[in-house]
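Student: Can you read through this structure? Questions will come right after.
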Amino acid sequence: MFQSKARSLRRLLRCKPASVSKASCSRLVLGIETSCDDTGAAVMDGSGAILGESLHSQKEVHLRTGGIIPTVAQELHRENIQRVVQEALDRSGVAPAELCAVATTVKPGLALSLGVGLEFSQRLVRQHNKPFIPIHHMEAHALTVRMLHPVPFPFLVLLVSGGHSLLAVARGVDDFLLLGRTLDEAPGDTLDKVARRLSLRKHPRCATLSGGQAIELLAKDGDRRRFGFRTPMGQTPDCCFSFAGLRNQVTMLIKKEEAEEEEGTLLSHVSDIAAATQHTVALHLAKRTHRAVLFCKANGLLPADNPTLVLSGGVASNQYIRQALLITAEATGLRLLCPPARFCTDNGAMIAWNGVERLREGRGILPPDVDVSYEPKAALGVDLTAEVRAAAIRVPSIRMKIPD
């Protein structure tokens with residue numbers, strides 16, 4: 001039985017060459033992303049060239065509702081996935097019959113959103129008899145940088161987004177050592193909640209921005225020193241993250257400021273609060289990453305020559321946070337690499353690239369008739385968080401002189 005399926009899969013992987021010249025010598029992968037509130041699709045060749053892509057963002061809808069409502073996100077995915085995938089195929093000039101495989105995010109993420117992408121993809125691969133590659137969303141974020149730069153394994157990666165936050169050593173396409181993860185909420189979630197509590201949708205410069213974007217914009221004009229927030233987990237010697245406590249600090253300050261000002265108006269110190277919040281998030285990320293670097297060096301987990309720190313995920317688009325991580329990387333002898341902003345947020349190209357990498361190595365490629373389940377929660381790699389804490393590494397201070 002197993003040998004029969006293996007022979008069937010090998011036959012499927014003998015792809016027909018595409019008729020378009022730009023893809024004639026490459027294996028073609030369609031990537032589909034629906035883990036949260038973006039419906040993305042992209043067709044990519046074996047070199048990492050994006051032949052066609054499409055993305056439908058639900059941001060405006062969720063801004064009006066004050067946050068992502070899973071059932072609304074699900075319905076919007078259903079309404080748009082066929083169009084988005086067809087646009088990616090049309091722009092690439094590639095027909096479904098010419099694909100080598102379809103790669104789709106199946107974990108982690110919003111259950112209802114993941115289900116839409118998985119259901120659509122399984123219909124597609126069965127209709128055209130194509131291999132299916134289930135993708136771990138955070139693995140895809142971690143590997144995106146290799147689509148743009150020749151980054152060898154191993155490297156340290158910090159993934160920060162609206163739903164996730166983790167530190168890991170990437171040793172291979174599907175080989176990760178988890179050094180730290182968020183214990184409560186992710187940094188993007190914290191920034192969004194602070195923005196909502198500050199009613200930034202009412203700010204004339206922020207009406208069309210996400211919460212994190214609004215915080216970053218206003219912080220440029222704020223004084224981060226006006227309000228001092230405690231950096232989370234200062235006495236905990238590991239690489240895990242916690243942002244709920246910081247959000248509580250900010251909420252208490254906002255309540256105090258509101259009691260002293262006219263009701264129904266934006267706070268006079270709103271930019272200062274934004275700047276102080278952003279600075280504290282950046283410090284927390286930088287300090288935990290610094291400890292991760294020291295742990296890796298002590299245990300020989302990174303190469304001695306030209307070690308790399310990769311910063312990815314939606315929050316990695318924040319330039320202030322990038323600067324904090326750049327200072328940390330330079331102080332510890334690492335080079336910092338970060339994808340352009342459009343590849344930091346969720347997109348079909350990163351899923352297609354993950355599929356390309358897995359296809360090259362023959363890892364996690366399934367026949368079209370295999371049933372796959374989505375997983376709203378899914379760990380990444382081997383968990384070393386207890387070992388990191390046991391090492392109790394002290395982190396020397398670094399002067400974070402970040403331009404305002």
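Ligands are numbered from 1 in the order shown, residues from 1 within each chain, and chains are lettered A, B, ... in the order they appear in the structure tokens.
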Write out as JSON lines a residue-level contact list of region 269-366 of chain A versus region 198-219 of chain A with cut-off 10 Å: for each qualifying residue the closest pair of atoms and the distance in Å to one decimal, counting only C-alpha atoms, rows sorted by chain and residue number upward.
Tutor:
```
{"residue": "A:Val270", "atom": "CA", "partner": "A:Leu198", "partner_atom": "CA", "distance": 7.2}
{"residue": "A:Ser271", "atom": "CA", "partner": "A:Leu218", "partner_atom": "CA", "distance": 4.9}
{"residue": "A:Asp272", "atom": "CA", "partner": "A:Ala219", "partner_atom": "CA", "distance": 6.6}
{"residue": "A:Ile273", "atom": "CA", "partner": "A:Ala219", "partner_atom": "CA", "distance": 7.8}
{"residue": "A:Ala274", "atom": "CA", "partner": "A:Ala219", "partner_atom": "CA", "distance": 5.0}
{"residue": "A:Ala275", "atom": "CA", "partner": "A:Ala219", "partner_atom": "CA", "distance": 4.0}
{"residue": "A:Ala276", "atom": "CA", "partner": "A:Ala219", "partner_atom": "CA", "distance": 7.8}
{"residue": "A:Thr277", "atom": "CA", "partner": "A:Ile215", "partner_atom": "CA", "distance": 8.3}
{"residue": "A:Gln278", "atom": "CA", "partner": "A:Glu216", "partner_atom": "CA", "distance": 7.1}
{"residue": "A:His279", "atom": "CA", "partner": "A:Ala219", "partner_atom": "CA", "distance": 8.9}
{"residue": "A:Gly314", "atom": "CA", "partner": "A:Gly212", "partner_atom": "CA", "distance": 9.4}
{"residue": "A:Val315", "atom": "CA", "partner": "A:Gly212", "partner_atom": "CA", "distance": 7.7}
{"residue": "A:Ser317", "atom": "CA", "partner": "A:Gln213", "partner_atom": "CA", "distance": 9.0}
{"residue": "A:Asn318", "atom": "CA", "partner": "A:Glu216", "partner_atom": "CA", "distance": 6.8}
{"residue": "A:Gln319", "atom": "CA", "partner": "A:Glu216", "partner_atom": "CA", "distance": 8.2}
{"residue": "A:Tyr320", "atom": "CA", "partner": "A:Glu216", "partner_atom": "CA", "distance": 7.7}
{"residue": "A:Ile321", "atom": "CA", "partner": "A:Glu216", "partner_atom": "CA", "distance": 9.5}
```
Student: Could you please take those selected residues and save C-alpha atoms as a PDB file, in the first residue's frame?
Tutor:
```pdb
ATOM      1  CA  VAL A 270      -1.704  60.328  22.684  1.00  0.00           C
ATOM      2  CA  SER A 271       1.540  60.485  20.661  1.00  0.00           C
ATOM      3  CA  ASP A 272       3.638  60.180  23.817  1.00  0.00           C
ATOM      4  CA  ILE A 273       1.684  57.106  24.926  1.00  0.00           C
ATOM      5  CA  ALA A 274       2.143  55.588  21.477  1.00  0.00           C
ATOM      6  CA  ALA A 275       5.884  56.284  21.564  1.00  0.00           C
ATOM      7  CA  ALA A 276       6.346  54.840  25.061  1.00  0.00           C
ATOM      8  CA  THR A 277       4.324  51.720  24.190  1.00  0.00           C
ATOM      9  CA  GLN A 278       6.239  51.101  20.983  1.00  0.00           C
ATOM     10  CA  HIS A 279       9.583  51.649  22.739  1.00  0.00           C
ATOM     11  CA  GLY A 314       3.827  41.552  10.251  1.00  0.00           C
ATOM     12  CA  VAL A 315       5.279  43.495  13.205  1.00  0.00           C
ATOM     13  CA  SER A 317       7.363  46.072   9.202  1.00  0.00           C
ATOM     14  CA  ASN A 318       7.674  48.498  12.129  1.00  0.00           C
ATOM     15  CA  GLN A 319      10.828  50.509  11.447  1.00  0.00           C
ATOM     16  CA  TYR A 320      11.423  51.422  15.084  1.00  0.00           C
ATOM     17  CA  ILE A 321      11.381  47.760  16.097  1.00  0.00           C
TER      18      ILE A 321
END
```
Student: Could you list, with a cut-off of 10 Å and counting only C-alpha atoms, the residues of region 208-285 of chain A near region 375-394 of chain A, each shown with its nearest atom pair and the distance in Å rounded to one decimal, rows sorted by chain and ascending number, as CSV?
Tutor:
```
residue,atom,partner,partner_atom,distance
A:Gln235,CA,A:Arg394,CA,9.9
A:Thr236,CA,A:Arg389,CA,7.9
A:Pro237,CA,A:Ala392,CA,5.0
A:Asp238,CA,A:Arg389,CA,4.4
A:Cys239,CA,A:Val388,CA,7.0
A:Cys240,CA,A:Thr385,CA,7.5
```
Student: Put those residues in a file: C-alpha atoms, as a PDB file, in the first residue's frame.
Tutor:
```pdb
ATOM      1  CA  GLN A 235      13.522  39.099  36.246  1.00  0.00           C
ATOM      2  CA  THR A 236      12.775  35.991  34.163  1.00  0.00           C
ATOM      3  CA  PRO A 237      15.975  34.638  32.550  1.00  0.00           C
ATOM      4  CA  ASP A 238      14.497  33.038  29.434  1.00  0.00           C
ATOM      5  CA  CYS A 239      13.551  34.007  25.878  1.00  0.00           C
ATOM      6  CA  CYS A 240       9.760  33.900  26.195  1.00  0.00           C
TER       7      CYS A 240
END
```
Student: Considering only C-alpha atoms, can you say which of A:Arg171, A:Ile68, A:Leu156, A:Ser161 comes closest to Lys297 (chain A)?
Tutor: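 Smallest separation from Lys297 (chain A) among the options: A:Leu156.
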Student: Determine which residues of region 67-274 of chain A receive a DSSP assignment of strand (DSSP E or B), computed from the backbone, and state them as JSON, numbers by chain.
Tutor: {"A": [101, 102, 103, 104, 105, 106, 107, 132, 133, 134, 135, 136, 155, 156, 157, 158, 159, 160, 165, 166, 167, 168, 169, 170, 171, 172, 175, 176, 177, 178, 179, 180, 181, 182, 241]}
Student: For the residues in the current selection, export C-alpha atoms as a PDB file, in the first residue's frame.
Tutor:
```pdb
ATOM      1  CA  ALA A 101       2.138  21.131  -6.469  1.00  0.00           C
ATOM      2  CA  VAL A 102      -0.192  23.279  -4.390  1.00  0.00           C
ATOM      3  CA  ALA A 103       1.065  24.526  -1.024  1.00  0.00           C
ATOM      4  CA  THR A 104      -1.435  25.858   1.518  1.00  0.00           C
ATOM      5  CA  THR A 105      -1.306  27.136   5.091  1.00  0.00           C
ATOM      6  CA  VAL A 106      -2.961  24.596   7.380  1.00  0.00           C
ATOM      7  CA  LYS A 107      -1.538  25.706  10.764  1.00  0.00           C
ATOM      8  CA  PHE A 132      -0.468  18.808  -1.859  1.00  0.00           C
ATOM      9  CA  ILE A 133       2.018  20.449   0.528  1.00  0.00           C
ATOM     10  CA  PRO A 134       0.581  21.459   3.940  1.00  0.00           C
ATOM     11  CA  ILE A 135       2.394  24.539   5.266  1.00  0.00           C
ATOM     12  CA  HIS A 136       3.126  25.733   8.809  1.00  0.00           C
ATOM     13  CA  PHE A 155      20.209  31.053  11.490  1.00  0.00           C
ATOM     14  CA  LEU A 156      18.337  32.682  14.368  1.00  0.00           C
ATOM     15  CA  VAL A 157      14.857  33.962  13.579  1.00  0.00           C
ATOM     16  CA  LEU A 158      12.521  36.281  15.475  1.00  0.00           C
ATOM     17  CA  LEU A 159       8.937  36.029  14.229  1.00  0.00           C
ATOM     18  CA  VAL A 160       6.594  38.751  15.427  1.00  0.00           C
ATOM     19  CA  SER A 165       5.779  35.807  18.694  1.00  0.00           C
ATOM     20  CA  LEU A 166       8.668  33.358  18.852  1.00  0.00           C
ATOM     21  CA  LEU A 167      12.429  32.940  18.720  1.00  0.00           C
ATOM     22  CA  ALA A 168      13.888  29.870  17.024  1.00  0.00           C
ATOM     23  CA  VAL A 169      16.985  28.494  15.375  1.00  0.00           C
ATOM     24  CA  ALA A 170      16.233  27.410  11.812  1.00  0.00           C
ATOM     25  CA  ARG A 171      18.465  24.404  11.065  1.00  0.00           C
ATOM     26  CA  GLY A 172      16.637  23.222   7.944  1.00  0.00           C
ATOM     27  CA  ASP A 175      14.019  21.645  11.400  1.00  0.00           C
ATOM     28  CA  PHE A 176      13.618  24.274  14.128  1.00  0.00           C
ATOM     29  CA  LEU A 177      14.713  24.676  17.737  1.00  0.00           C
ATOM     30  CA  LEU A 178      12.218  26.802  19.677  1.00  0.00           C
ATOM     31  CA  LEU A 179      13.974  29.100  22.162  1.00  0.00           C
ATOM     32  CA  GLY A 180      11.097  31.360  23.182  1.00  0.00           C
ATOM     33  CA  ARG A 181       7.419  32.037  22.521  1.00  0.00           C
ATOM     34  CA  THR A 182       4.726  34.376  23.747  1.00  0.00           C
ATOM     35  CA  PHE A 241       7.578  36.967  25.745  1.00  0.00           C
TER      36      PHE A 241
END
```
Student: Report, in Å to a single decimal, how far apart CA of Gln127 (chain A) and CA of Leu51 (chain A) are.
Tutor: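 Between CA of Leu51 (chain A) and CA of Gln127 (chain A) the gap is 22.4 Å.
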Student: When you look at Gly40 (chain A) with a cut-off of 6 Å (counting only C-alpha atoms), what residues show up, excluding the ones that are within fewer than 2 positions of it in the same chain? I need them as a VMD selection string.
Tutor: chain A and resid 32 to 33 54 to 55 347 to 348
Student: Hey, can you check how far CA of Cys100 (chain A) sits from CA of Leu76 (chain A)?
Tutor: 28.0 Å
Student: May I have all residues of region 195-399 of chain A that DSSP, computed from the backbone, assigns to helix (DSSP H, G or I), given as a PyMOL selection string?
Tutor: chain A and resi 195-197+200-202+211-219+244-260+270-298+314-317+319-331+341-344+348-361+385-391
Student: My list of candidates is A:Ala244, A:Leu124, A:Ile327, A:Ala49. Which is closest to Arg399 (chain A) when distances are computed with only C-alpha atoms?
Tutor: A:Ile327
Student: I'd like the neighbourhood of Leu143 (chain A) as a list in words, where a residue qualifies if any of its atoms comes within 9 Å (using only C-alpha atoms), though same-chain residues fewer than 3 positions away should be ignored.
Tutor: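 Contacts, in chain order: Met138, Glu139, Ala140, Arg146, Met147, Ala170, Val173, Met350, Trp353, Asn354 and Glu357 of chain A.
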Student: Take CA of Leu301 (chain A) and CA of Gly333 (chain A) and report the distance between them in Å, one decimal.
Tutor: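 Separation between CA of Leu301 (chain A) and CA of Gly333 (chain A): 14.4 Å.
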Student: With only C-alpha atoms as the counted atoms, please give the residues lying no more than 6 Å from region 113-122 of chain A, apart from itself and same-chain residues fewer than 3 positions off, as a PyMOL selection string.
Tutor: chain A and resi 34-36+74+106+110+125
Student: May I have the selected residues written with C-alpha atoms, as a PDB file, in the first residue's frame?
Tutor:
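Final output, part07.pdb:
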```pdb
ATOM      1  CA  THR A  34      -5.882  32.150   4.471  1.00  0.00           C
ATOM      2  CA  SER A  35      -4.653  31.788   8.051  1.00  0.00           C
ATOM      3  CA  CYS A  36      -6.122  35.056   9.336  1.00  0.00           C
ATOM      4  CA  GLN A  74     -14.349  33.207   7.047  1.00  0.00           C
ATOM      5  CA  VAL A 106      -2.961  24.596   7.380  1.00  0.00           C
ATOM      6  CA  LEU A 110      -7.958  31.119  12.878  1.00  0.00           C
ATOM      7  CA  VAL A 125      -5.488  19.194  -6.146  1.00  0.00           C
TER       8      VAL A 125
END
```
